[in-house]
file work.pdb (PDB, C-alpha atoms)
ATOM      1  CA  MET V 161       0.000   0.000   0.000
ATOM      2  CA  PHE V 162       2.790   2.432   0.978
ATOM      3  CA  LYS V 163       4.752   1.431  -2.126
ATOM      4  CA  LYS V 164       1.745   2.265  -4.285
ATOM      5  CA  TYR V 165       1.430   5.743  -2.802
ATOM      6  CA  LYS V 166       5.164   6.367  -2.233
ATOM      7  CA  ALA V 167       5.298   9.331  -4.632
ATOM      8  CA  ASP V 168       2.217  10.907  -3.005
ATOM      9  CA  ILE V 169       3.597  10.453   0.511
ATOM     10  CA  ILE V 170       6.918  12.069  -0.466
ATOM     11  CA  LEU V 171       5.107  14.957  -2.167
ATOM     12  CA  ILE V 172       2.716  15.569   0.734
ATOM     13  CA  CYS V 173       5.489  15.335   3.356
ATOM     14  CA  SER V 174       7.687  17.821   1.484
ATOM     15  CA  LEU V 175       4.737  20.197   1.058
ATOM     16  CA  ILE V 176       3.928  19.946   4.769
ATOM     17  CA  ILE V 177       7.576  20.698   5.640
ATOM     18  CA  VAL V 178       7.555  23.756   3.343
ATOM     19  CA  GLY V 179       4.225  24.880   4.830
ATOM     20  CA  LEU V 180       5.335  24.434   8.428
ATOM     21  CA  LEU V 181       8.644  26.191   7.811
ATOM     22  CA  SER V 182       6.851  29.180   6.289
ATOM     23  CA  CYS V 183       4.433  29.181   9.257
ATOM     24  CA  ILE V 184       7.375  29.188  11.696
ATOM     25  CA  ILE V 185       8.955  32.100   9.823
ATOM     26  CA  TYR V 186       5.582  33.872   9.695
ATOM     27  CA  PHE V 187       4.919  33.514  13.420
ATOM     28  CA  ASN V 188       8.442  34.413  14.549
ATOM     29  CA  PHE V 189       9.328  37.378  12.396
ATOM     30  CA  TYR V 190       6.663  39.767  13.544
ATOM     31  CA  ASN V 191       6.917  43.092  15.212
ATOM     32  CA  SER V 192       5.077  43.766  18.447
ATOM     33  CA  SER V 193       6.486  47.153  19.332
ATOM     34  CA  ASN V 194       4.975  49.586  21.797
ATOM     35  CA  HIS V 195       4.249  52.154  19.108
ATOM     36  CA  LEU V 196       1.624  50.543  16.975
ATOM     37  CA  VAL V 197      -0.657  52.418  14.640
ATOM     38  CA  ALA V 198      -3.798  50.825  13.257
ATOM     39  CA  ASN V 199      -4.382  51.663   9.634
ATOM     40  CA  ILE V 200      -8.035  51.062   8.709
ATOM     41  CA  THR V 201      -8.659  51.113   4.974
ATOM     42  CA  ASP V 202     -11.252  50.184   2.417
ATOM     43  CA  SER V 203     -10.166  48.884  -0.994
ATOM     44  CA  ASN V 204      -8.693  52.231  -2.062
ATOM     45  CA  ASN V 205      -8.544  54.770   0.723
ATOM     46  CA  THR V 206      -7.394  55.025   4.303
ATOM     47  CA  LEU V 207     -10.560  55.408   6.366
ATOM     48  CA  THR V 208      -8.796  56.212   9.611
ATOM     49  CA  GLN V 209      -5.532  55.789  11.485
ATOM     50  CA  ILE V 210      -5.450  55.185  15.221
ATOM     51  CA  ASP V 211      -2.362  55.525  17.375
ATOM     52  CA  LEU V 212      -2.739  52.488  19.628
ATOM     53  CA  SER V 213       0.199  53.436  21.831
ATOM     54  CA  ILE V 214      -1.730  56.374  23.343
ATOM     55  CA  GLU V 215      -4.916  54.376  23.940
ATOM     56  CA  SER V 216      -5.837  53.409  27.497
ATOM     57  CA  ASP V 217      -6.193  49.804  28.712
ATOM     58  CA  ALA V 218      -9.955  50.203  28.774
ATOM     59  CA  GLU V 219     -11.459  49.258  25.437
ATOM     60  CA  ARG V 220     -13.314  51.918  23.517
ATOM     61  CA  GLU V 221     -15.558  51.295  20.558
ATOM     62  CA  ILE V 222     -15.384  53.061  17.231
ATOM     63  CA  GLU V 223     -17.562  52.641  14.165
ATOM     64  CA  VAL V 224     -16.040  52.086  10.753
ATOM     65  CA  ILE V 225     -18.066  52.534   7.579
ATOM     66  CA  GLY V 226     -18.016  49.336   5.533
ATOM     67  CA  LEU V 227     -19.292  48.570   2.054
ATOM     68  CA  HIS V 228     -22.525  46.970   3.249
ATOM     69  CA  ASN V 229     -22.755  47.867   6.937
ATOM     70  CA  ASP V 230     -20.766  49.571   9.622
ATOM     71  CA  LEU V 231     -18.301  47.609  11.754
ATOM     72  CA  LYS V 232     -17.788  48.066  15.472
ATOM     73  CA  VAL V 233     -14.087  48.061  16.278
ATOM     74  CA  GLY V 234     -12.690  47.782  19.800
ATOM     75  CA  VAL V 235      -9.515  49.738  20.442
ATOM     76  CA  LYS V 236      -7.241  49.587  23.483
ATOM     77  CA  HIS V 237      -3.535  49.995  24.277
ATOM     78  CA  ASN V 238      -1.574  48.401  21.408
ATOM     79  CA  SER V 239      -4.455  46.132  20.520
ATOM     80  CA  ILE V 240      -7.418  46.216  18.146
ATOM     81  CA  ARG V 241     -10.267  43.850  17.304
ATOM     82  CA  VAL V 242     -13.535  43.750  15.399
ATOM     83  CA  ILE V 243     -16.400  43.497  17.898
ATOM     84  CA  TYR V 244     -19.271  43.359  15.440
ATOM     85  CA  SER V 245     -19.595  42.925  11.704
ATOM     86  CA  SER V 246     -22.592  42.052   9.559
ATOM     87  CA  CYS V 247     -20.565  39.675   7.366
ATOM     88  CA  PRO V 248     -21.933  36.131   7.040
ATOM     89  CA  HIS V 249     -18.821  34.205   8.147
ATOM     90  CA  GLN V 250     -17.689  36.514  10.960
ATOM     91  CA  ASP V 251     -14.043  35.696  10.164
ATOM     92  CA  CYS V 252     -12.951  39.211  11.093
ATOM     93  CA  VAL V 253     -14.607  38.861  14.513
ATOM     94  CA  LYS V 254     -13.168  35.361  15.033
ATOM     95  CA  ILE V 255      -9.609  36.611  14.440
ATOM     96  CA  GLY V 256      -9.924  38.368  17.792
ATOM     97  CA  SER V 257      -7.512  40.911  19.206
ATOM     98  CA  VAL V 258      -4.479  41.747  17.118
ATOM     99  CA  SER V 259      -1.358  43.301  18.592
ATOM    100  CA  THR V 260       1.340  42.383  16.057
ATOM    101  CA  THR V 261       2.177  43.726  12.640
ATOM    102  CA  ASN V 262       2.035  40.350  10.876
ATOM    103  CA  LYS V 263      -1.683  39.745  11.275
ATOM    104  CA  PRO V 264      -4.135  41.981   9.443
ATOM    105  CA  ILE V 265      -7.860  41.853  10.095
ATOM    106  CA  VAL V 266      -9.696  41.432   6.819
ATOM    107  CA  CYS V 267     -13.439  41.746   6.304
ATOM    108  CA  LEU V 268     -13.936  40.785   2.664
ATOM    109  CA  TYR V 269     -17.697  41.312   2.831
ATOM    110  CA  ASN V 270     -17.513  44.927   4.034
ATOM    111  CA  LYS V 271     -14.154  45.581   2.336
ATOM    112  CA  VAL V 272     -12.522  46.824   5.508
ATOM    113  CA  TYR V 273      -8.904  45.988   6.233
ATOM    114  CA  ILE V 274      -7.091  46.730   9.486
ATOM    115  CA  VAL V 275      -3.307  46.599   9.458
ATOM    116  CA  LEU V 276      -1.005  47.417  12.333
ATOM    117  CA  ILE V 277       2.062  49.455  11.505
ATOM    118  CA  ASP V 278       5.132  49.872  13.686
ATOM    119  CA  ASN V 279       5.500  53.574  14.351
ATOM    120  CA  SER V 280       8.674  53.408  16.454
ATOM    121  CA  GLY V 281      10.229  55.987  14.141
ATOM    122  CA  GLY V 282       7.621  58.451  15.379
ATOM    123  CA  ASN V 283       6.282  59.419  11.959
ATOM    124  CA  ASP V 284       3.328  61.762  11.819
ATOM    125  CA  ILE V 285       0.013  60.075  11.462
ATOM    126  CA  ASN V 286      -3.328  61.508  10.451
ATOM    127  CA  ILE V 287      -5.821  60.564  13.100
TER     128      ILE V 287
ATOM    129  CA  MET Z  93     -30.106  -1.584 -34.001
ATOM    130  CA  ILE Z  94     -28.960  -3.057 -30.695
ATOM    131  CA  LEU Z  95     -25.660  -1.232 -31.097
ATOM    132  CA  ILE Z  96     -27.406   2.141 -31.554
ATOM    133  CA  PHE Z  97     -29.678   1.411 -28.602
ATOM    134  CA  ASN Z  98     -26.683   0.554 -26.412
ATOM    135  CA  MET Z  99     -24.775   3.650 -27.548
ATOM    136  CA  ARG Z 100     -27.779   5.841 -26.739
ATOM    137  CA  ARG Z 101     -28.102   4.190 -23.367
ATOM    138  CA  THR Z 102     -24.435   4.865 -22.666
ATOM    139  CA  ILE Z 103     -24.746   8.511 -23.691
ATOM    140  CA  ILE Z 104     -27.851   9.004 -21.540
ATOM    141  CA  LYS Z 105     -26.090   7.324 -18.635
ATOM    142  CA  LYS Z 106     -23.077   9.606 -19.108
ATOM    143  CA  ILE Z 107     -25.197  12.779 -19.307
ATOM    144  CA  SER Z 108     -27.160  11.754 -16.209
ATOM    145  CA  LEU Z 109     -23.991  11.066 -14.276
ATOM    146  CA  ILE Z 110     -22.400  14.376 -15.279
ATOM    147  CA  SER Z 111     -25.595  16.255 -14.351
ATOM    148  CA  LEU Z 112     -25.594  14.506 -10.991
ATOM    149  CA  LEU Z 113     -21.949  15.444 -10.439
ATOM    150  CA  ALA Z 114     -22.658  19.077 -11.351
ATOM    151  CA  ALA Z 115     -25.633  19.174  -8.960
ATOM    152  CA  LEU Z 116     -23.547  17.584  -6.217
ATOM    153  CA  ALA Z 117     -20.732  20.097  -6.765
ATOM    154  CA  ILE Z 118     -23.203  22.995  -6.471
ATOM    155  CA  VAL Z 119     -24.843  21.591  -3.321
ATOM    156  CA  LEU Z 120     -21.477  20.902  -1.663
ATOM    157  CA  SER Z 121     -20.243  24.344  -2.625
ATOM    158  CA  ILE Z 122     -23.305  26.064  -1.123
ATOM    159  CA  ALA Z 123     -23.130  23.885   1.999
ATOM    160  CA  GLU Z 124     -19.453  24.621   2.611
ATOM    161  CA  SER Z 125     -20.031  28.352   2.198
ATOM    162  CA  PHE Z 126     -21.698  28.183   5.631
ATOM    163  CA  ILE Z 127     -18.670  26.486   7.183
ATOM    164  CA  SER Z 128     -15.927  28.884   8.156
ATOM    165  CA  LEU Z 129     -12.404  27.793   9.062
ATOM    166  CA  GLY Z 130     -11.605  31.142  10.683
ATOM    167  CA  ILE Z 131      -9.302  32.421   7.943
ATOM    168  CA  PRO Z 132     -10.927  34.773   5.389
ATOM    169  CA  GLY Z 133     -11.569  33.003   2.096
ATOM    170  CA  VAL Z 134     -10.506  29.496   3.221
ATOM    171  CA  LYS Z 135     -12.988  26.741   2.519
ATOM    172  CA  LEU Z 136     -12.901  22.978   2.954
ATOM    173  CA  GLY Z 137     -13.037  22.453  -0.813
ATOM    174  CA  LEU Z 138     -15.560  19.617  -0.671
ATOM    175  CA  ALA Z 139     -16.752  20.447  -4.179
ATOM    176  CA  ASN Z 140     -13.232  19.672  -5.374
ATOM    177  CA  VAL Z 141     -14.009  15.976  -4.777
ATOM    178  CA  VAL Z 142     -16.549  16.130  -7.597
ATOM    179  CA  ILE Z 143     -14.190  18.016  -9.913
ATOM    180  CA  ILE Z 144     -11.439  15.424  -9.372
ATOM    181  CA  ILE Z 145     -13.892  12.592 -10.045
ATOM    182  CA  ALA Z 146     -15.004  14.327 -13.256
ATOM    183  CA  LEU Z 147     -11.359  14.828 -14.277
ATOM    184  CA  TYR Z 148     -10.442  11.180 -13.721
ATOM    185  CA  ALA Z 149     -13.651   9.401 -14.681
ATOM    186  CA  PHE Z 150     -14.435  11.571 -17.713
ATOM    187  CA  ASN Z 151     -12.060  14.228 -19.061
ATOM    188  CA  PHE Z 152     -10.745  17.766 -18.560
ATOM    189  CA  TRP Z 153     -13.554  19.480 -20.497
ATOM    190  CA  TYR Z 154     -16.320  17.877 -18.443
ATOM    191  CA  ALA Z 155     -14.461  18.824 -15.243
ATOM    192  CA  LEU Z 156     -14.027  22.403 -16.504
ATOM    193  CA  GLY Z 157     -17.722  22.626 -17.431
ATOM    194  CA  ILE Z 158     -18.816  21.365 -14.010
ATOM    195  CA  SER Z 159     -16.354  23.701 -12.299
ATOM    196  CA  ILE Z 160     -17.516  26.843 -14.139
ATOM    197  CA  LEU Z 161     -21.183  25.889 -13.737
ATOM    198  CA  ARG Z 162     -20.612  25.352 -10.017
ATOM    199  CA  VAL Z 163     -19.022  28.779  -9.556
ATOM    200  CA  PHE Z 164     -21.788  30.570 -11.488
ATOM    201  CA  VAL Z 165     -24.745  28.774  -9.864
ATOM    202  CA  THR Z 166     -23.277  28.975  -6.345
ATOM    203  CA  SER Z 167     -22.606  32.709  -6.737
ATOM    204  CA  LEU Z 168     -26.121  33.222  -8.116
ATOM    205  CA  CYS Z 169     -27.640  31.364  -5.157
ATOM    206  CA  LEU Z 170     -25.519  33.201  -2.598
ATOM    207  CA  GLY Z 171     -25.946  36.590  -4.295
ATOM    208  CA  THR Z 172     -22.231  37.125  -4.786
ATOM    209  CA  ILE Z 173     -22.084  36.995  -8.565
ATOM    210  CA  PHE Z 174     -19.440  39.276 -10.150
ATOM    211  CA  GLN Z 175     -18.199  40.288  -6.712
ATOM    212  CA  MET Z 176     -14.665  39.676  -5.473
ATOM    213  CA  GLY Z 177     -15.540  36.242  -4.040
ATOM    214  CA  PHE Z 178     -16.901  35.136  -7.424
ATOM    215  CA  PHE Z 179     -13.702  36.050  -9.267
ATOM    216  CA  MET Z 180     -11.583  34.496  -6.506
ATOM    217  CA  SER Z 181     -13.540  31.270  -6.791
ATOM    218  CA  LEU Z 182     -13.501  31.225 -10.605
ATOM    219  CA  THR Z 183      -9.766  31.878 -10.869
ATOM    220  CA  GLY Z 184      -8.976  29.371  -8.135
ATOM    221  CA  SER Z 185     -11.083  26.651  -9.779
ATOM    222  CA  ILE Z 186      -9.674  27.134 -13.275
ATOM    223  CA  LEU Z 187      -6.062  27.415 -12.103
ATOM    224  CA  SER Z 188      -6.394  24.367  -9.879
ATOM    225  CA  LEU Z 189      -7.990  22.327 -12.655
ATOM    226  CA  LEU Z 190      -5.276  23.273 -15.160
ATOM    227  CA  ILE Z 191      -2.521  22.387 -12.694
ATOM    228  CA  MET Z 192      -4.231  19.093 -11.802
ATOM    229  CA  LEU Z 193      -4.462  18.196 -15.505
ATOM    230  CA  LEU Z 194      -0.809  19.091 -16.043
ATOM    231  CA  PHE Z 195       0.267  17.165 -12.968
ATOM    232  CA  LYS Z 196      -1.811  14.143 -13.954
ATOM    233  CA  LYS Z 197      -0.298  14.058 -17.459
ATOM    234  CA  VAL Z 198       3.311  14.923 -16.592
ATOM    235  CA  PHE Z 199       3.637  12.881 -13.406
ATOM    236  CA  PRO Z 200       1.531   9.743 -13.829
ATOM    237  CA  LYS Z 201       3.208   8.253 -10.743
ATOM    238  CA  PHE Z 202       1.068  10.408  -8.497
ATOM    239  CA  SER Z 203      -2.335   9.119  -7.462
ATOM    240  CA  VAL Z 204      -5.555  11.097  -7.036
ATOM    241  CA  VAL Z 205      -4.429  12.152  -3.546
ATOM    242  CA  GLY Z 206      -1.235  13.815  -4.810
ATOM    243  CA  VAL Z 207      -3.026  15.502  -7.699
ATOM    244  CA  SER Z 208      -5.794  16.704  -5.378
ATOM    245  CA  THR Z 209      -3.237  18.167  -2.927
ATOM    246  CA  VAL Z 210      -1.479  20.117  -5.669
ATOM    247  CA  GLY Z 211      -4.862  21.257  -7.028
ATOM    248  CA  SER Z 212      -5.920  22.433  -3.600
ATOM    249  CA  ILE Z 213      -2.723  24.473  -3.156
ATOM    250  CA  PHE Z 214      -3.165  26.146  -6.529
ATOM    251  CA  HIS Z 215      -6.847  26.768  -5.807
ATOM    252  CA  VAL Z 216      -5.960  28.963  -2.825
ATOM    253  CA  THR Z 217      -3.018  30.457  -4.722
ATOM    254  CA  GLY Z 218      -5.390  31.575  -7.492
ATOM    255  CA  GLN Z 219      -7.712  33.061  -4.898
ATOM    256  CA  ILE Z 220      -4.844  34.909  -3.214
ATOM    257  CA  ILE Z 221      -3.704  36.313  -6.580
ATOM    258  CA  ILE Z 222      -7.170  37.794  -7.196
ATOM    259  CA  ALA Z 223      -7.393  39.065  -3.614
ATOM    260  CA  THR Z 224      -4.001  40.743  -4.107
ATOM    261  CA  ILE Z 225      -5.185  42.416  -7.315
ATOM    262  CA  TYR Z 226      -8.267  43.733  -5.476
ATOM    263  CA  MET Z 227      -6.738  44.827  -2.181
ATOM    264  CA  GLY Z 228      -2.964  44.767  -2.291
ATOM    265  CA  ASN Z 229      -0.686  42.312  -0.537
ATOM    266  CA  LEU Z 230      -2.823  42.029   2.624
ATOM    267  CA  MET Z 231      -3.933  38.453   2.020
ATOM    268  CA  PHE Z 232      -0.321  37.320   1.595
ATOM    269  CA  TYR Z 233      -0.025  37.630   5.370
ATOM    270  CA  TYR Z 234      -2.370  34.663   5.604
ATOM    271  CA  TYR Z 235      -0.717  32.643   2.849
ATOM    272  CA  PRO Z 236       1.461  30.366   5.054
ATOM    273  CA  LEU Z 237      -1.593  29.393   7.122
ATOM    274  CA  ILE Z 238      -3.802  28.968   4.073
ATOM    275  CA  PHE Z 239      -1.038  26.908   2.407
ATOM    276  CA  VAL Z 240      -0.943  24.408   5.300
ATOM    277  CA  CYS Z 241      -4.769  24.284   5.456
ATOM    278  CA  SER Z 242      -4.922  23.623   1.704
ATOM    279  CA  ILE Z 243      -2.542  20.635   2.025
ATOM    280  CA  VAL Z 244      -4.782  19.089   4.693
ATOM    281  CA  THR Z 245      -8.010  19.724   2.757
ATOM    282  CA  GLY Z 246      -6.360  18.554  -0.492
ATOM    283  CA  VAL Z 247      -5.320  15.234   1.069
ATOM    284  CA  LEU Z 248      -8.794  14.748   2.571
ATOM    285  CA  THR Z 249     -10.624  15.487  -0.684
ATOM    286  CA  GLY Z 250      -8.161  13.256  -2.540
ATOM    287  CA  ILE Z 251      -8.819  10.325  -0.193
ATOM    288  CA  ILE Z 252     -12.605  10.821  -0.531
ATOM    289  CA  ALA Z 253     -12.323  11.024  -4.345
ATOM    290  CA  LEU Z 254     -10.093   7.925  -4.451
ATOM    291  CA  ASN Z 255     -12.667   5.901  -2.522
ATOM    292  CA  VAL Z 256     -15.668   7.223  -4.441
ATOM    293  CA  MET Z 257     -13.982   6.397  -7.744
ATOM    294  CA  LYS Z 258     -13.765   2.761  -6.724
ATOM    295  CA  LEU Z 259     -17.525   2.562  -7.291
ATOM    296  CA  SER Z 260     -18.313   0.639 -10.453
ATOM    297  CA  ILE Z 261     -20.409   3.515 -11.843
ATOM    298  CA  PHE Z 262     -17.263   5.611 -12.412
ATOM    299  CA  LYS Z 263     -15.266   2.902 -14.133
ATOM    300  CA  ASN Z 264     -14.640   2.499 -17.870
ATOM    301  CA  TRP Z 265     -15.907   5.917 -18.966
ATOM    302  CA  ASN Z 266     -12.544   6.702 -20.477
ATOM    303  CA  ALA Z 267     -12.325   3.355 -22.262
ATOM    304  CA  PRO Z 268     -12.225   3.494 -26.092
ATOM    305  CA  LYS Z 269     -15.649   3.480 -27.718
ATOM    306  CA  HIS Z 270     -15.124   0.353 -29.826
ATOM    307  CA  LYS Z 271     -14.482  -1.612 -26.648
ATOM    308  CA  GLU Z 272     -17.668  -0.262 -25.136
ATOM    309  CA  ILE Z 273     -19.703  -1.284 -28.182
ATOM    310  CA  SER Z 274     -18.156  -4.702 -28.605
ATOM    311  CA  LYS Z 275     -18.761  -5.432 -24.928
ATOM    312  CA  ASN Z 276     -22.436  -4.663 -25.324
TER     313      ASN Z 276
END
call {"tool": "encode", "arguments": {"input": "work.pdb", "output": "structure tokens"}}
result
Amino acid sequence: MFKKYKADIILICSLIIVGLLSCIIYFNFYNSSNHLVANITDSNNTLTQIDLSIESDAEREIEVIGLHNDLKVGVKHNSIRVIYSSCPHQDCVKIGSVSTTNKPIVCLYNKVYIVLIDNSGGNDINI
Amino acid sequence: MILIFNMRRTIIKKISLISLLAALAIVLSIAESFISLGIPGVKLGLANVVIIIALYAFNFWYALGISILRVFVTSLCLGTIFQMGFFMSLTGSILSLLIMLLFKKVFPKFSVVGVSTVGSIFHVTGQIIIATIYMGNLMFYYYPLIFVCSIVTGVLTGIIALNVMKLSIFKNWNAPKHKEISKN
């Protein structure tokens, strides 16, 4: 049986190794600085930028205008999450709180994308 | 006369089977749209089982027809036609089918499971390419995770397809016609 599927087993094992290696790289090479800025955009424009480093530890809610409905976004110190979205799969809500630069929050249905940017350089941001 | 009758019966049987496969692909596609794996755009790819069966039991063109029909009907039913998800799905399906055909022809050593795994990877790659065109390189952040998920779902769909294809109904469709006639 194993002889019959030898080629498949080799292929699948090598693909799994490649996949796991890229996951290890992905999860280790992220930036979780203390000066994070959340960049909230739709497909073309920046909707808003929030300096997460100056936020308090108590979560505050903001509303973001999406393509179909508005999203409720929870913002606290160096962390952001989607609290409510009208999208059918709720993937953006399930992602939970994000506090690293390697994990964007994507709501395909409402076309809202939240990306964290490291602002350690202290660049000016439009809030 | 008997020959013509048998040929007609074979054609009707083939059309019925392909229609059933197309219907099954659409139903599976709609059903899996309600199942979320937690990563935007990632699906189980259950409908891919049907496409692989069509590719192996019949030929590339039947598989392509079923695949395109599935994308159109599913999008119509879910109200997402000509939206980003529709183009992601269409590109993913066509790319995956082309790669599966190429893989099947060039590397005959690989079984359905290997071909299905490669198809699954290229399905998500096609989707990511379209997502990148629409919204920049955001979805590439998820690619390593989606890549691993696609290997798992590809192996699972391949194993299901391999077992389903053992059913006698899917055998001998690719056999030469003269053999079919002489047998009857």
call {"tool": "closest_atom_pairs", "arguments": {"input": "work.pdb", "of": "chain Z", "to": "chain V", "cutoff": "7 Å", "atoms": "all atoms listed in the file", "output": "JSON lines"}}
result
{"residue": "Z:Ser128", "atom": "CA", "partner": "V:His249", "partner_atom": "CA", "distance": 6.1}
{"residue": "Z:Gly130", "atom": "CA", "partner": "V:Asp251", "partner_atom": "CA", "distance": 5.2}
{"residue": "Z:Ile131", "atom": "CA", "partner": "V:Asp251", "partner_atom": "CA", "distance": 6.2}
{"residue": "Z:Pro132", "atom": "CA", "partner": "V:Asp251", "partner_atom": "CA", "distance": 5.8}
{"residue": "Z:Lys201", "atom": "CA", "partner": "V:Ala167", "partner_atom": "CA", "distance": 6.5}
{"residue": "Z:Phe202", "atom": "CA", "partner": "V:Asp168", "partner_atom": "CA", "distance": 5.6}
{"residue": "Z:Ser203", "atom": "CA", "partner": "V:Asp168", "partner_atom": "CA", "distance": 6.6}
{"residue": "Z:Val205", "atom": "CA", "partner": "V:Asp168", "partner_atom": "CA", "distance": 6.8}
{"residue": "Z:Gly206", "atom": "CA", "partner": "V:Asp168", "partner_atom": "CA", "distance": 4.9}
{"residue": "Z:Met227", "atom": "CA", "partner": "V:Ser203", "partner_atom": "CA", "distance": 5.4}
{"residue": "Z:Leu230", "atom": "CA", "partner": "V:Pro264", "partner_atom": "CA", "distance": 6.9}
{"residue": "Z:Tyr233", "atom": "CA", "partner": "V:Asn262", "partner_atom": "CA", "distance": 6.5}
{"residue": "Z:Pro236", "atom": "CA", "partner": "V:Cys183", "partner_atom": "CA", "distance": 5.3}
{"residue": "Z:Leu237", "atom": "CA", "partner": "V:Cys183", "partner_atom": "CA", "distance": 6.4}
{"residue": "Z:Phe239", "atom": "CA", "partner": "V:Gly179", "partner_atom": "CA", "distance": 6.1}
{"residue": "Z:Val240", "atom": "CA", "partner": "V:Gly179", "partner_atom": "CA", "distance": 5.2}
call {"tool": "resolve_selection", "arguments": {"input": "work.pdb", "expression": "the PyMOL selection byres ((chain Z and resi 221) around 12)", "output": "ChimeraX atom specification"}}
result
/Z:176,179-184,187,214-220,222-232,235
call {"tool": "atom_distance", "arguments": {"input": "work.pdb", "atom1": "CA of Ala115 in chain Z", "atom2": "CA of Gly177 in chain Z"}}
result
20.4 Å
call {"tool": "axis_aligned_box", "arguments": {"input": "work.pdb", "around": "range 171-178 of chain V", "padding_each_side": "5 Å", "output": "JSON"}}
result
{"center_x": 5.2, "center_y": 19.4, "center_z": 1.7, "size_x": 15.0, "size_y": 18.8, "size_z": 17.8}
call {"tool": "resolve_selection", "arguments": {"input": "work.pdb", "expression": "the PyMOL selection byres ((chain Z and resi 143-148) around 9)", "output": "PDB file with C-alpha atoms, in the frame of the given file"}}
result
ATOM      1  CA  ILE Z 110     -22.400  14.376 -15.279  1.00  0.00           C
ATOM      2  CA  LEU Z 113     -21.949  15.444 -10.439  1.00  0.00           C
ATOM      3  CA  ALA Z 114     -22.658  19.077 -11.351  1.00  0.00           C
ATOM      4  CA  ALA Z 117     -20.732  20.097  -6.765  1.00  0.00           C
ATOM      5  CA  ALA Z 139     -16.752  20.447  -4.179  1.00  0.00           C
ATOM      6  CA  ASN Z 140     -13.232  19.672  -5.374  1.00  0.00           C
ATOM      7  CA  VAL Z 141     -14.009  15.976  -4.777  1.00  0.00           C
ATOM      8  CA  VAL Z 142     -16.549  16.130  -7.597  1.00  0.00           C
ATOM      9  CA  ALA Z 149     -13.651   9.401 -14.681  1.00  0.00           C
ATOM     10  CA  PHE Z 150     -14.435  11.571 -17.713  1.00  0.00           C
ATOM     11  CA  ASN Z 151     -12.060  14.228 -19.061  1.00  0.00           C
ATOM     12  CA  PHE Z 152     -10.745  17.766 -18.560  1.00  0.00           C
ATOM     13  CA  TRP Z 153     -13.554  19.480 -20.497  1.00  0.00           C
ATOM     14  CA  TYR Z 154     -16.320  17.877 -18.443  1.00  0.00           C
ATOM     15  CA  ALA Z 155     -14.461  18.824 -15.243  1.00  0.00           C
ATOM     16  CA  LEU Z 156     -14.027  22.403 -16.504  1.00  0.00           C
ATOM     17  CA  ILE Z 158     -18.816  21.365 -14.010  1.00  0.00           C
ATOM     18  CA  SER Z 159     -16.354  23.701 -12.299  1.00  0.00           C
ATOM     19  CA  LEU Z 189      -7.990  22.327 -12.655  1.00  0.00           C
ATOM     20  CA  MET Z 192      -4.231  19.093 -11.802  1.00  0.00           C
ATOM     21  CA  LEU Z 193      -4.462  18.196 -15.505  1.00  0.00           C
ATOM     22  CA  VAL Z 204      -5.555  11.097  -7.036  1.00  0.00           C
ATOM     23  CA  VAL Z 207      -3.026  15.502  -7.699  1.00  0.00           C
ATOM     24  CA  SER Z 208      -5.794  16.704  -5.378  1.00  0.00           C
ATOM     25  CA  THR Z 249     -10.624  15.487  -0.684  1.00  0.00           C
ATOM     26  CA  GLY Z 250      -8.161  13.256  -2.540  1.00  0.00           C
ATOM     27  CA  ALA Z 253     -12.323  11.024  -4.345  1.00  0.00           C
ATOM     28  CA  LEU Z 254     -10.093   7.925  -4.451  1.00  0.00           C
ATOM     29  CA  VAL Z 256     -15.668   7.223  -4.441  1.00  0.00           C
ATOM     30  CA  MET Z 257     -13.982   6.397  -7.744  1.00  0.00           C
ATOM     31  CA  PHE Z 262     -17.263   5.611 -12.412  1.00  0.00           C
ATOM     32  CA  ASN Z 266     -12.544   6.702 -20.477  1.00  0.00           C
TER      33      ASN Z 266
END
call {"tool": "atom_distance", "arguments": {"input": "work.pdb", "atom1": "CA of Ile200 in chain V", "atom2": "CA of Glu124 in chain Z"}}
result
29.4 Å
call {"tool": "closest_residue", "arguments": {"input": "work.pdb", "among": "Z:Ser121, Z:Thr172, Z:Thr102, Z:Thr209", "to": "Leu248 in chain Z", "atoms": "all atoms listed in the file"}}
result
Z:Thr209
call {"tool": "residues_around", "arguments": {"input": "work.pdb", "residues": "Ser257 in chain V", "least_positions_apart": "3", "cutoff": "7 Å", "atoms": "only C-alpha atoms", "output": "number ranges by chain"}}
result
V: 239-241
call {"tool": "atom_distance", "arguments": {"input": "work.pdb", "atom1": "CA of Ile222 in chain V", "atom2": "CA of Thr208 in chain V"}}
result
10.6 Å
call {"tool": "residues_around", "arguments": {"input": "work.pdb", "residues": "range 218-221 of chain V", "least_positions_apart": "4", "cutoff": "7 Å", "atoms": "all atoms listed in the file", "output": "PyMOL selection string"}}
result
chain V and resi 232-236
call {"tool": "residues_around", "arguments": {"input": "work.pdb", "residues": "Val197 in chain V", "least_positions_apart": "3", "cutoff": "6 Å", "atoms": "only C-alpha atoms", "output": "PDB file with C-alpha atoms, in the frame of the given file"}}
result
ATOM      1  CA  ILE V 210      -5.450  55.185  15.221  1.00  0.00           C
ATOM      2  CA  ASP V 211      -2.362  55.525  17.375  1.00  0.00           C
ATOM      3  CA  LEU V 212      -2.739  52.488  19.628  1.00  0.00           C
ATOM      4  CA  LEU V 276      -1.005  47.417  12.333  1.00  0.00           C
ATOM      5  CA  ILE V 277       2.062  49.455  11.505  1.00  0.00           C
TER       6      ILE V 277
END
